[in-house]
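Peer 1: Below is one structure. I have some questions about it.
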Amino acid sequence: MFKDASPNDLGIRLAGHASPSNFSKKHPKVAFGNNWEIDLGVRVTGTNPDTNVPVMATCQFCTVFGKEVDNEVIVGEKKRKTKHKFMSFGPPWRKDHIQNHMKTCHKEKWDTYNELTTLEKASFFNNLQKIN
Ligand SMILES: [Zn+2]
């Protein structure tokens, strides 16, 4: 008498092989630029205590002047004004996001700021804060 040997087909599995992973990131990790505080008018307001890497930067135009235009967020069909008093940024750092905030919320000041020399930019907010 022969026992019915159950077919052992382990290991034969046609897994639909996914195409080679296309995980190349569009936006590689960008470190907070050394000159961004001056270039973009932001101030680093938080760093990782272990690595000293910036984890938060706050818009100085917001803190010094306030916003010229409130951010509006469209939720469904309603427009809501965001309650954020100061705009803060964090990783992943996107220079274009920061610039976009400056152009939309601080257009006049941003235009003025961009005409300054690097040295003038470096002292721009300090001077204003001393006056206040
Ligand atoms: Zn701002």
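So you can find residues: chains in the structure tokens are A, B, ... in the order shown, residues in each start at 1, and ligands are numbered from 1 in order.
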Contacts of Val55 (chain A) at 7 Å or less, counting only C-alpha atoms, minus same-chain residues fewer than 3 places along, as a list in words?
Peer 2: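 So, after excluding close chain neighbours, the residues are Gly46, Thr47, Asn48, Gly90 and Pro91 of chain A.
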Peer 1: Within 10 Å of ligand 1, counting only C-alpha atoms and all ligand atoms, which protein or nucleic acid residues do you find, written as a PDB file with C-alpha atoms, in the first residue's frame?
Peer 2:
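Produced file pocket.pdb, reproduced below:
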```
ATOM      1  CA  GLY A  41      14.866  86.015   6.991  1.00  0.00           C
ATOM      2  CA  VAL A  42      14.208  83.146   9.347  1.00  0.00           C
ATOM      3  CA  THR A  58      10.602  80.780  12.592  1.00  0.00           C
ATOM      4  CA  CYS A  59       9.858  83.518  10.126  1.00  0.00           C
ATOM      5  CA  GLN A  60      11.308  86.746  11.438  1.00  0.00           C
ATOM      6  CA  PHE A  61       9.003  88.863   9.315  1.00  0.00           C
ATOM      7  CA  CYS A  62       6.116  87.298  11.213  1.00  0.00           C
ATOM      8  CA  THR A  63       7.668  87.866  14.605  1.00  0.00           C
ATOM      9  CA  VAL A  64       8.795  91.416  13.912  1.00  0.00           C
ATOM     10  CA  PHE A  65       6.137  92.799  11.571  1.00  0.00           C
ATOM     11  CA  GLY A  66       3.263  90.389  11.716  1.00  0.00           C
ATOM     12  CA  LYS A  67       1.750  89.075   8.554  1.00  0.00           C
ATOM     13  CA  GLU A  68       0.668  91.368   5.772  1.00  0.00           C
ATOM     14  CA  VAL A  69      -1.772  88.743   4.596  1.00  0.00           C
ATOM     15  CA  ASP A  70      -3.388  86.044   6.665  1.00  0.00           C
ATOM     16  CA  ASN A  71      -2.862  82.556   5.465  1.00  0.00           C
ATOM     17  CA  HIS A  84      -0.840  80.553  13.317  1.00  0.00           C
ATOM     18  CA  LYS A  85       0.588  83.725  14.602  1.00  0.00           C
ATOM     19  CA  PHE A  86       4.124  83.056  13.491  1.00  0.00           C
ATOM     20  CA  MET A  87       5.076  80.855  10.611  1.00  0.00           C
ATOM     21  CA  SER A  88       7.521  78.128  11.539  1.00  0.00           C
ATOM     22  CA  PHE A  89       9.288  75.698   9.313  1.00  0.00           C
ATOM     23  CA  ILE A  98      10.019  79.335   2.890  1.00  0.00           C
ATOM     24  CA  GLN A  99      10.411  81.678  -0.054  1.00  0.00           C
ATOM     25  CA  ASN A 100       6.812  81.095  -0.986  1.00  0.00           C
ATOM     26  CA  HIS A 101       5.682  82.130   2.479  1.00  0.00           C
ATOM     27  CA  MET A 102       7.747  85.299   2.245  1.00  0.00           C
ATOM     28  CA  LYS A 103       6.318  86.177  -1.147  1.00  0.00           C
ATOM     29  CA  THR A 104       2.720  85.607  -0.140  1.00  0.00           C
ATOM     30  CA  CYS A 105       2.690  86.875   3.448  1.00  0.00           C
ATOM     31  CA  HIS A 106       5.358  89.549   3.493  1.00  0.00           C
ATOM     32  CA  LYS A 107       5.546  90.697  -0.074  1.00  0.00           C
ATOM     33  CA  TRP A 110      10.424  90.704   1.382  1.00  0.00           C
TER      34      TRP A 110
END
```
Peer 1: Would you compute the distance between CA of Ala57 (chain A) and CA of Asn127 (chain A)? Give it in Å to one decimal.
Peer 2: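 Atom-to-atom, CA of Ala57 (chain A) and CA of Asn127 (chain A) are spaced 19.7 Å apart.
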